[in-house]
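What follows is the content of protein.cif (mmCIF, C-alpha atoms and all ligand atoms).
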data_query
loop_
_atom_site.label_atom_id
_atom_site.label_comp_id
_atom_site.auth_asym_id
_atom_site.auth_seq_id
_atom_site.Cartn_x
_atom_site.Cartn_y
_atom_site.Cartn_z
CA THR A 208 89.20 84.09 214.08
CA PRO A 209 86.69 86.27 215.84
CA THR A 210 89.29 88.92 216.69
CA SER A 211 89.83 89.87 213.03
CA ILE A 212 86.07 89.98 212.39
CA MET A 213 85.56 92.15 215.44
CA VAL A 214 88.26 94.54 214.38
CA GLY A 215 86.94 94.57 210.80
CA THR A 216 83.38 95.28 211.92
CA GLY A 217 84.59 98.10 214.14
CA LYS A 218 86.67 99.48 211.31
CA GLY A 219 83.54 99.47 209.17
CA ALA A 220 81.50 101.36 211.76
CA GLU A 221 84.25 103.95 211.98
CA ASN A 222 83.86 104.47 208.24
CA GLY A 223 80.09 104.63 208.14
CA ILE A 224 79.71 100.98 207.11
CA LEU A 225 77.27 99.38 209.55
CA ILE A 226 77.51 95.59 209.38
CA LYS A 227 74.74 93.57 211.04
CA GLY A 228 76.86 90.51 211.78
CA GLY A 229 80.31 89.06 211.24
CA GLU A 230 79.08 86.56 208.67
CA HIS A 231 78.09 89.38 206.29
CA LEU A 232 81.56 90.91 206.50
CA GLU A 233 82.97 87.47 205.71
CA LYS A 234 80.66 86.88 202.78
CA ALA A 235 81.31 90.25 201.13
CA HIS A 236 84.86 89.30 200.07
CA ALA A 237 83.48 86.74 197.62
CA LEU A 238 81.00 89.04 195.82
CA ASN A 239 81.48 89.02 192.06
CA ALA A 240 78.28 90.73 190.92
CA ILE A 241 76.70 93.88 192.31
CA VAL A 242 73.16 94.85 191.35
CA LEU A 243 72.46 98.57 191.73
CA ASP A 244 69.00 100.07 191.91
CA LYS A 245 68.79 103.14 189.66
CA THR A 246 66.62 105.68 191.42
CA GLY A 247 68.01 106.92 194.71
CA THR A 248 71.01 104.60 194.57
CA ILE A 249 72.89 105.53 191.38
CA THR A 250 70.91 108.78 191.07
CA LYS A 251 70.12 111.28 193.78
CA GLY A 252 66.47 110.29 193.89
CA GLU A 253 65.40 113.92 193.74
CA PRO A 254 63.58 114.08 190.40
CA SER A 255 62.19 117.32 189.08
CA LEU A 256 59.65 118.18 186.41
CA THR A 257 61.46 119.21 183.22
CA ASP A 258 59.11 118.95 180.23
CA VAL A 259 55.41 119.33 179.57
CA ILE A 260 54.28 118.46 176.06
CA THR A 261 50.74 118.58 174.74
CA ALA A 262 49.28 116.79 171.76
CA THR A 263 48.31 119.58 169.41
CA GLY A 264 44.86 121.02 170.03
CA GLU A 265 43.91 118.64 172.79
CA ILE A 266 44.64 120.60 175.91
CA SER A 267 46.66 123.58 177.14
CA GLU A 268 49.97 123.06 178.86
CA GLU A 269 48.64 124.65 182.04
CA GLU A 270 45.58 122.45 182.10
CA LEU A 271 47.73 119.37 181.54
CA ILE A 272 49.98 120.17 184.50
CA ARG A 273 46.98 121.01 186.66
CA LEU A 274 45.21 117.71 185.96
CA VAL A 275 48.30 115.56 186.24
CA ALA A 276 49.54 117.17 189.44
CA SER A 277 46.08 116.98 191.02
CA ALA A 278 46.03 113.25 190.32
CA GLU A 279 49.58 112.70 191.54
CA ARG A 280 48.79 114.44 194.83
CA SER A 281 47.56 111.09 196.11
CA SER A 282 50.67 109.27 194.87
CA GLU A 283 53.55 108.42 197.18
CA HIS A 284 55.87 107.74 194.27
CA PRO A 285 58.88 110.08 193.85
CA LEU A 286 57.75 110.68 190.25
CA GLY A 287 54.38 111.90 191.51
CA GLU A 288 55.99 114.09 194.12
CA ALA A 289 58.20 115.68 191.48
CA ILE A 290 55.18 116.55 189.35
CA VAL A 291 53.27 118.06 192.28
CA LYS A 292 56.31 120.11 193.24
CA GLY A 293 56.66 121.32 189.65
CA ALA A 294 53.01 122.41 189.58
CA LYS A 295 53.37 124.28 192.86
CA GLU A 296 56.40 126.11 191.53
CA ARG A 297 54.19 127.21 188.65
CA ASN A 298 51.59 128.42 191.17
CA MET A 299 48.85 126.06 190.03
CA ASP A 300 45.71 125.51 192.05
CA LEU A 301 45.29 121.78 192.44
CA VAL A 302 42.08 119.90 193.08
CA GLU A 303 41.35 116.74 195.01
CA PRO A 304 41.01 113.59 192.87
CA GLN A 305 37.70 111.76 193.34
CA ASN A 306 39.28 108.43 192.77
CA PHE A 307 42.84 107.27 192.79
CA GLU A 308 44.68 104.05 192.18
CA ALA A 309 48.39 103.36 191.82
CA ILE A 310 49.36 100.49 189.53
CA PRO A 311 52.88 99.41 190.54
CA GLY A 312 55.38 99.54 187.69
CA HIS A 313 52.82 101.14 185.36
CA GLY A 314 51.49 104.44 186.71
CA ILE A 315 48.28 105.78 188.16
CA VAL A 316 44.57 106.06 187.41
CA ALA A 317 42.45 108.88 188.81
CA ALA A 318 39.12 110.62 188.32
CA ILE A 319 39.23 114.40 188.27
CA GLU A 320 36.30 116.71 187.61
CA GLY A 321 34.50 113.83 185.99
CA LYS A 322 37.40 112.97 183.68
CA ALA A 323 39.24 109.65 183.73
CA LEU A 324 43.00 110.18 183.87
CA PHE A 325 45.69 107.65 183.09
CA ILE A 326 49.30 108.66 183.75
CA GLY A 327 52.16 106.28 183.22
CA ASN A 328 54.39 104.38 180.86
CA ARG A 329 53.78 102.68 177.51
CA ARG A 330 52.83 99.50 179.29
CA LEU A 331 49.95 101.28 181.04
CA MET A 332 48.72 102.86 177.81
CA SER A 333 48.85 99.64 175.85
CA SER A 334 47.00 97.74 178.58
CA GLU A 335 44.23 100.35 178.25
CA ASN A 336 44.36 100.24 174.46
CA ILE A 337 45.18 103.93 174.24
CA ASP A 338 46.78 105.03 170.99
CA ILE A 339 49.99 106.97 171.65
CA SER A 340 51.39 107.15 168.11
CA THR A 341 51.32 110.98 167.94
CA LEU A 342 53.44 111.26 171.09
CA GLU A 343 55.75 108.31 170.70
CA LYS A 344 58.56 110.18 168.97
CA LYS A 345 58.64 112.80 171.69
CA VAL A 346 58.73 110.13 174.38
CA ASP A 347 61.67 108.39 172.69
CA GLU A 348 63.51 111.67 172.49
CA LEU A 349 63.02 112.52 176.19
CA GLU A 350 64.06 109.03 177.23
CA GLY A 351 67.19 109.29 175.13
CA GLU A 352 68.13 112.25 177.32
CA GLY A 353 67.81 110.05 180.41
CA LYS A 354 64.47 111.53 181.45
CA THR A 355 61.45 109.55 182.62
CA ALA A 356 58.57 110.42 180.30
CA MET A 357 55.03 109.74 181.46
CA LEU A 358 52.15 109.60 179.03
CA VAL A 359 48.88 111.25 179.98
CA ALA A 360 45.48 110.13 178.71
CA VAL A 361 42.17 111.84 179.44
CA ASP A 362 39.04 109.80 178.76
CA ASN A 363 41.05 107.23 176.80
CA LYS A 364 42.74 109.76 174.55
CA ALA A 365 46.46 110.51 174.78
CA VAL A 366 46.76 114.25 175.38
CA GLY A 367 50.35 114.83 176.43
CA VAL A 368 53.58 113.86 178.07
CA VAL A 369 55.23 115.04 181.26
CA ALA A 370 58.89 114.31 181.85
CA VAL A 371 60.89 114.18 185.02
CA ALA A 372 64.68 114.09 185.36
CA ASP A 373 66.94 112.92 188.14
CA THR A 374 70.71 113.51 188.29
CA VAL A 375 73.35 110.90 189.09
CA LYS A 376 75.29 111.27 192.32
CA GLU A 377 78.74 112.82 191.79
CA THR A 378 80.39 109.73 193.29
CA SER A 379 78.52 107.04 191.33
CA ALA A 380 80.80 106.86 188.31
CA GLU A 381 84.05 106.55 190.28
CA ALA A 382 82.50 104.00 192.64
CA ILE A 383 81.30 101.85 189.73
CA GLN A 384 84.70 102.14 188.10
CA ALA A 385 86.33 100.99 191.36
CA LEU A 386 84.02 97.96 191.59
CA ARG A 387 84.73 96.98 188.01
CA SER A 388 88.46 97.27 188.54
CA MET A 389 88.06 94.91 191.50
CA GLY A 390 86.78 92.32 189.02
CA ILE A 391 83.12 92.70 189.94
CA GLN A 392 80.32 92.79 187.37
CA VAL A 393 78.12 95.85 187.94
CA ILE A 394 74.47 95.61 186.93
CA MET A 395 71.77 98.30 187.00
CA ILE A 396 68.18 97.35 187.83
CA THR A 397 65.15 99.61 187.43
CA GLY A 398 61.45 99.74 186.80
CA ASP A 399 62.09 102.60 184.39
CA ASN A 400 62.06 102.06 180.63
CA ARG A 401 65.07 100.71 178.78
CA ARG A 402 66.00 103.86 176.89
CA THR A 403 66.09 106.07 180.00
CA ALA A 404 67.92 103.38 181.96
CA GLU A 405 70.60 103.00 179.28
CA ALA A 406 71.10 106.77 179.09
CA ILE A 407 71.71 106.93 182.85
CA ALA A 408 73.88 103.79 182.74
CA LYS A 409 76.04 105.40 180.09
CA GLN A 410 76.72 108.37 182.36
CA VAL A 411 78.18 106.07 185.02
CA GLY A 412 79.97 103.59 182.78
CA ILE A 413 77.60 100.62 182.80
CA PRO A 414 77.27 98.93 179.38
CA PRO A 415 73.74 98.36 177.96
CA GLU A 416 74.03 94.58 178.32
CA ASP A 417 74.35 95.03 182.09
CA VAL A 418 71.11 97.03 182.37
CA LEU A 419 67.98 95.28 183.64
CA ALA A 420 65.16 97.67 182.75
CA GLU A 421 61.36 97.61 182.99
CA VAL A 422 61.55 95.23 185.92
CA LEU A 423 58.32 95.27 187.93
CA PRO A 424 58.82 96.09 191.63
CA GLN A 425 57.85 92.59 192.68
CA ASP A 426 60.31 91.02 190.19
CA LYS A 427 63.52 92.65 191.41
CA ALA A 428 64.18 89.83 193.88
CA ARG A 429 63.65 87.27 191.13
CA GLU A 430 66.35 88.91 188.99
CA VAL A 431 68.78 88.71 191.91
CA ASN A 432 67.89 85.06 192.36
CA ARG A 433 68.47 84.38 188.69
CA LEU A 434 72.05 85.68 188.99
CA LYS A 435 72.60 83.55 192.08
CA GLU A 436 71.39 80.51 190.20
CA LYS A 437 73.97 81.22 187.52
CA GLY A 438 76.56 80.76 190.28
CA GLN A 439 77.34 84.40 190.94
CA VAL A 440 77.83 85.71 194.45
CA VAL A 441 75.45 88.65 194.34
CA GLY A 442 75.33 91.92 196.24
CA MET A 443 72.29 94.16 195.91
CA VAL A 444 72.28 97.88 196.67
CA GLY A 445 69.02 99.78 197.13
CA ASP A 446 67.22 102.50 199.01
CA GLY A 447 63.51 101.98 198.51
CA ILE A 448 60.71 99.95 200.04
CA ASN A 449 60.38 98.03 196.78
CA ASP A 450 64.07 97.05 196.95
CA ALA A 451 63.64 95.27 200.29
CA PRO A 452 62.86 91.76 198.96
CA ALA A 453 65.83 91.94 196.59
CA LEU A 454 68.09 93.12 199.42
CA ALA A 455 67.02 90.15 201.50
CA THR A 456 67.47 87.73 198.58
CA ALA A 457 71.01 88.83 197.73
CA ASP A 458 74.04 87.16 199.30
CA VAL A 459 74.84 90.56 200.77
CA GLY A 460 72.25 93.37 200.80
CA PHE A 461 73.48 96.95 201.04
CA ALA A 462 71.08 99.75 202.01
CA ILE A 463 71.77 103.37 201.23
CA GLY A 464 71.70 105.10 204.63
CA THR A 465 69.74 108.06 203.29
CA GLY A 466 66.98 105.78 202.03
CA THR A 467 63.99 104.15 203.68
CA ASP A 468 64.02 102.31 207.01
CA VAL A 469 62.47 99.29 205.33
CA ALA A 470 65.51 98.93 203.05
CA MET A 471 67.87 99.25 206.01
CA GLU A 472 65.99 96.58 207.92
CA ALA A 473 66.15 94.16 205.00
CA ALA A 474 69.84 94.80 204.30
CA ASP A 475 72.94 93.22 205.88
CA ILE A 476 75.06 96.34 205.57
CA THR A 477 73.96 99.97 205.74
CA LEU A 478 76.08 102.62 204.05
CA MET A 479 75.71 105.70 206.22
CA ARG A 480 77.52 107.94 203.76
CA GLY A 481 74.72 107.41 201.30
CA ASP A 482 76.82 106.76 198.23
CA LEU A 483 78.17 103.88 196.22
CA ARG A 484 81.80 104.25 197.22
CA GLY A 485 80.71 102.54 200.42
CA VAL A 486 80.06 99.33 198.48
CA ALA A 487 83.62 99.17 197.17
CA ALA A 488 84.96 100.18 200.59
CA SER A 489 82.93 97.39 202.26
CA ILE A 490 84.28 94.77 199.88
CA LYS A 491 87.85 96.02 200.35
CA LEU A 492 87.38 95.86 204.10
CA SER A 493 86.01 92.34 203.80
CA ARG A 494 88.93 91.23 201.65
CA ALA A 495 91.43 92.75 204.09
CA THR A 496 89.69 91.02 206.98
CA MET A 497 89.75 87.64 205.26
CA ARG A 498 93.43 88.12 204.43
CA ASN A 499 94.06 88.86 208.07
CA ILE A 500 92.26 85.70 209.15
CA LYS A 501 94.33 83.62 206.73
CA GLN A 502 97.54 85.11 208.08
CA ASN A 503 96.48 84.19 211.58
CA LEU A 504 95.71 80.63 210.54
CA PHE A 505 99.09 80.46 208.86
CA TRP A 506 100.92 81.51 212.02
CA ALA A 507 98.92 79.17 214.21
CA LEU A 508 99.82 76.37 211.82
CA ILE A 509 103.52 77.25 211.89
CA TYR A 510 103.61 77.24 215.68
CA ASN A 511 101.89 73.91 215.80
CA THR A 512 103.95 72.19 213.13
CA LEU A 513 107.14 73.41 214.76
CA GLY A 514 105.96 72.83 218.29
CA ILE A 515 104.60 69.32 217.97
CA PRO A 516 107.74 67.52 216.68
CA VAL A 517 109.90 69.43 219.11
CA ALA A 518 107.63 68.40 221.93
CA ALA A 519 107.44 64.83 220.69
CA LEU A 520 111.19 64.55 220.71
CA GLY A 521 111.11 65.63 224.30
CA TYR A 522 112.97 68.88 223.73
CA LEU A 523 110.10 71.08 224.78
CA SER A 524 110.00 71.93 228.43
CA PRO A 525 106.57 72.73 229.82
CA VAL A 526 107.70 76.28 230.40
CA LEU A 527 108.82 76.73 226.83
CA ALA A 528 105.62 75.12 225.51
CA GLY A 529 103.55 77.52 227.56
CA ALA A 530 105.58 80.45 226.35
CA ALA A 531 105.19 79.37 222.71
CA MET A 532 101.47 79.05 223.09
CA ALA A 533 101.16 82.45 224.68
CA PHE A 534 103.33 83.94 221.98
CA SER A 535 101.20 82.32 219.34
CA SER A 536 97.99 83.91 220.62
CA VAL A 537 99.69 87.24 221.11
CA SER A 538 100.88 87.25 217.53
CA VAL A 539 97.37 86.42 216.31
CA VAL A 540 95.93 89.33 218.24
CA THR A 541 98.71 91.66 217.14
CA ASN A 542 98.09 90.72 213.54
CA ALA A 543 94.36 91.29 213.95
CA LEU A 544 95.12 94.70 215.36
CA ARG A 545 97.12 95.51 212.26
CA LEU A 546 93.76 95.56 210.55
CA LYS A 547 92.99 98.65 212.61
CA ARG A 548 95.25 100.65 210.36
CA PHE A 549 93.38 99.60 207.25
CA ASP A 550 91.56 102.42 205.44
CA PRO A 551 88.74 101.11 203.25
CA TYR A 552 88.37 104.51 201.60
CA ARG A 553 92.06 104.93 200.86
CA ASP A 554 91.85 104.74 197.09
CA PHE A 555 88.98 107.20 196.96
CA ARG A 556 90.82 109.64 199.21
CA LYS A 557 93.76 109.58 196.87
CA GLU A 558 91.54 110.64 194.01
CA GLU A 559 89.82 113.23 196.10
CA LYS A 560 93.04 114.92 196.98
CA ALA A 561 93.61 115.25 193.29
CA THR A 562 90.23 116.87 192.70
CA PHE A 563 90.07 118.89 195.96
CA ARG A 564 86.78 117.42 196.98
CA LEU A 565 85.87 117.06 200.62
CA VAL A 566 85.16 113.62 202.00
CA PRO A 567 83.15 112.10 203.43
CA GLU A 568 79.89 113.94 203.13
CA PRO A 569 77.73 113.40 206.18
CA ALA A 570 74.69 111.30 205.41
CA ARG A 571 71.51 113.24 204.86
CA ARG A 572 68.27 111.55 205.79
CA ARG A 573 65.29 111.55 203.53
CA GLU A 574 61.88 110.78 204.99
N1 LIG A 601 52.97 107.85 190.27
C1 LIG A 601 53.31 107.60 189.01
N2 LIG A 601 52.94 108.46 188.02
C2 LIG A 601 53.27 108.22 186.74
N3 LIG A 601 53.96 107.16 186.32
C3 LIG A 601 54.34 106.26 187.23
C4 LIG A 601 54.04 106.43 188.62
N4 LIG A 601 54.55 105.38 189.27
C5 LIG A 601 55.15 104.60 188.36
N5 LIG A 601 55.02 105.11 187.12
C6 LIG A 601 55.53 104.57 185.85
O1 LIG A 601 55.96 103.24 186.04
C7 LIG A 601 57.37 103.14 185.81
C8 LIG A 601 57.98 102.13 186.73
O2 LIG A 601 57.86 102.54 188.08
P1 LIG A 601 58.68 101.85 189.24
O3 LIG A 601 58.21 102.42 190.52
O4 LIG A 601 58.63 100.39 189.05
O5 LIG A 601 60.19 102.23 188.95
P2 LIG A 601 60.95 103.64 188.98
O6 LIG A 601 60.60 104.39 190.19
O7 LIG A 601 60.75 104.34 187.68
O8 LIG A 601 62.46 103.21 188.98
P3 LIG A 601 63.40 102.46 190.06
O9 LIG A 601 63.07 101.02 189.94
O10 LIG A 601 64.75 102.77 189.56
O11 LIG A 601 63.13 103.03 191.42
C9 LIG A 601 57.89 104.54 185.97
O12 LIG A 601 59.10 104.74 185.29
C10 LIG A 601 56.73 105.36 185.40
O13 LIG A 601 56.78 105.39 184.01
CU CU A 602 65.29 103.36 194.35
#
Can you turn what I pasted into structure tokens?
Ligand SMILES: Nc1ncnc2c1ncn2[C@@H]1O[C@H](COP(=O)(O)OP(=O)(O)OP(=O)(O)O)[C@@H](O)[C@H]1O
Ligand SMILES: [Cu+]
Amino acid sequence: TPTSIMVGTGKGAENGILIKGGEHLEKAHALNAIVLDKTGTITKGEPSLTDVITATGEISEEELIRLVASAERSSEHPLGEAIVKGAKERNMDLVEPQNFEAIPGHGIVAAIEGKALFIGNRRLMSSENIDISTLEKKVDELEGEGKTAMLVAVDNKAVGVVAVADTVKETSAEAIQALRSMGIQVIMITGDNRRTAEAIAKQVGIPPEDVLAEVLPQDKAREVNRLKEKGQVVGMVGDGINDAPALATADVGFAIGTGTDVAMEAADITLMRGDLRGVAASIKLSRATMRNIKQNLFWALIYNTLGIPVAALGYLSPVLAGAAMAFSSVSVVTNALRLKRFDPYRDFRKEEKATFRLVPEPARRRE
């Protein structure tokens, strides 16, 4: 019934849920697994530099920040931006790297003042055969706090660690709780290391077994596919360029409206409010729409099953038959219009009244 879909899609738009086509609204009711990107989706995606640790005697803290931030100047990664911002706040003079290369899912390599710099995760250090044993304990500790710790090596020697922290969105925990209570499995996916990922997951109520960590950017789509192959109907929620293939692979892709244009193009539904409650609201709207369609089918069936025998027995005058048919379509439309009163955010509003929080926040765009 196109009327119900039309009303449902309009209802979505009214609530900041932009649906690219009726079929996506239809499909969303069946979702039973939702994969959430960590950075920028569960968290705010505004990381800041929190810790600078030097291996004893190797280098001063100032020099470490200066070198690392100079290298990260060429990086477009949010982690790099956070480090540069942190250095600027400390009034450091940065230099231009002579050479720069980003290694997706690992970190960066740069040449600065004749020194070779490697900045990144354990995987990067081990692929370069750099011994990190003196710093490992510190890294574990930072990760346990939910921070992203990046190891720094100068000329193949580990000299320090810089850590960056991001905070979870205020609405993430309640949205994830709502999804779980709707019978949907909620999974976190991230390129970040397992310890950090689990610490963040814990803050929003996702158990460790539902955390997919250390997933390379190009492998996110494959993880979504793997769930689909297990028979799950999978939704993917993301904000970044590297989420785009996974968004396209999922049965329904949701883009965070404050994220990148690339993610929005790849997604089926864009959440203008920029938070995860929109995912639960979308699925509720989809379920209400499908219910509405079934009701319409039911009424159409009733009219027909009553009408046909009556007509066959010759009791149905043409006038009456016409009237019944008209009434049947009117009742379908009226029922579809009932959907107009549906509020996909109702349950969240209830809770908000209790906590005096204002809703909805207008979406803020990030470039
Ligand atoms: N510019 C960079 N500087 C230092 N380390 C980096 C940089 N880019 C990536 N890394 C390292 O590689 C890891 C994986 O990066 P990736 O971009 O795949 O995921 P992420 O941004 O950490 O998380 P998410 O997948 O949630 O967005 C990072 O956690 C970090 O340790
Ligand atoms: Cu992200």
Review point. How would you write, as number ranges by chain, the set of residues no farther than 12 Å from ligand CU 602 (chain A) when counting all atoms listed in the file?
Key: A: 242-254, 284-286, 373, 395-399, 424, 427, 443-451, 453-454, 462-463, 465-467, 470
Review point. Of the candidates A:Leu358, A:Ala318, A:Leu386, A:Val517, which shows the shortest atom-to-atom distance to ligand LIG 601 (chain A), using only C-alpha atoms and all ligand atoms?
Key: A:Leu358
Check your understanding: Which residue, A:Val368, A:Leu225, A:Ile212, A:Ile290, has the smallest gap to Gly464 in chain A when you use only C-alpha atoms?
Key ->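 So, comparing all the options, the nearest one is A:Leu225.
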**Study point:** Shell around range 525-527 of chain A at 10 Å using all atoms listed in the file, local window under 6 positions removed, as a list in words
**Key:**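 Returned residues: Gly514, Ala518 and Ala533 of chain A.
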Check your understanding: Quick one: distance from CA of Ala372 in chain A to CA of Glu269 in chain A in Å, one decimal?
Key ->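 Distance between the two atoms: 19.5 Å.
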Point to revise | CA of Glu233 in chain A to CA of Thr496 in chain A, straight-line distance in Å | key: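 Here the two named atoms are 7.7 Å from each other.
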Point to revise | Computed interatomic separation between CA of Arg494 in chain A and CA of Glu381 in chain A (Å) | key: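 Interatomic distance, CA of Arg494 in chain A to CA of Glu381 in chain A: 19.7 Å.
For the point (82.9, 87.4, 202.7), the residues with an atom at a distance of at most 9 Å are Glu230, His231, Leu232, Glu233, Lys234, Ala235, His236, Ala237, Leu238, Val459, Ile490, Ser493, Arg494, Thr496 and Met497 of chain A, counting only C-alpha atoms.
Proximity of A:Leu504, A:Val393, A:Val422, A:Leu520 to ligand LIG 601 (chain A), computed with all atoms listed in the file, is greatest for A:Val422.
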Exercise for review: Return the single residue from A:Arg297, A:Lys227, A:Lys322, A:Arg330 that is closest to ligand LIG 601 (chain A), with distances computed using all atoms listed in the file.
Suggested key: A:Arg330
Practice item. Kindly indicate which residue among A:Ala365, A:Met213, A:Ala294, A:Ala317 lies nearest to ligand LIG 601 (chain A), using all atoms listed in the file for the distances. Key: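 With all atoms listed in the file as the atom set, the closest residue is A:Ala317.
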Mind checking which residues fall within 12 Å of Asn306 in chain A, counting only C-alpha atoms, ignoring those fewer than 6 positions away in the same chain, and posting them as a compact mmCIF listing (two decimals) with C-alpha atoms, in the frame of the given file?
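Output saved as out37.txt:
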# COMPACT_ATOMS: atom_id res chain seq x y z
CA SER A 277 46.08 116.98 191.02
CA ALA A 278 46.03 113.25 190.32
CA GLU A 279 49.58 112.70 191.54
CA ARG A 280 48.79 114.44 194.83
CA SER A 281 47.56 111.09 196.11
CA SER A 282 50.67 109.27 194.87
CA ILE A 315 48.28 105.78 188.16
CA VAL A 316 44.57 106.06 187.41
CA ALA A 317 42.45 108.88 188.81
CA ALA A 318 39.12 110.62 188.32
CA ILE A 319 39.23 114.40 188.27
CA GLU A 320 36.30 116.71 187.61
CA GLY A 321 34.50 113.83 185.99
CA LYS A 322 37.40 112.97 183.68
CA ALA A 323 39.24 109.65 183.73
CA LEU A 324 43.00 110.18 183.87
CA PHE A 325 45.69 107.65 183.09
**Study point:** Proximity to ligand LIG 601 (chain A) - best of A:Ala289, A:Val259, A:Gly312, A:Lys295, only C-alpha atoms and all ligand atoms
**Key:** A:Gly312
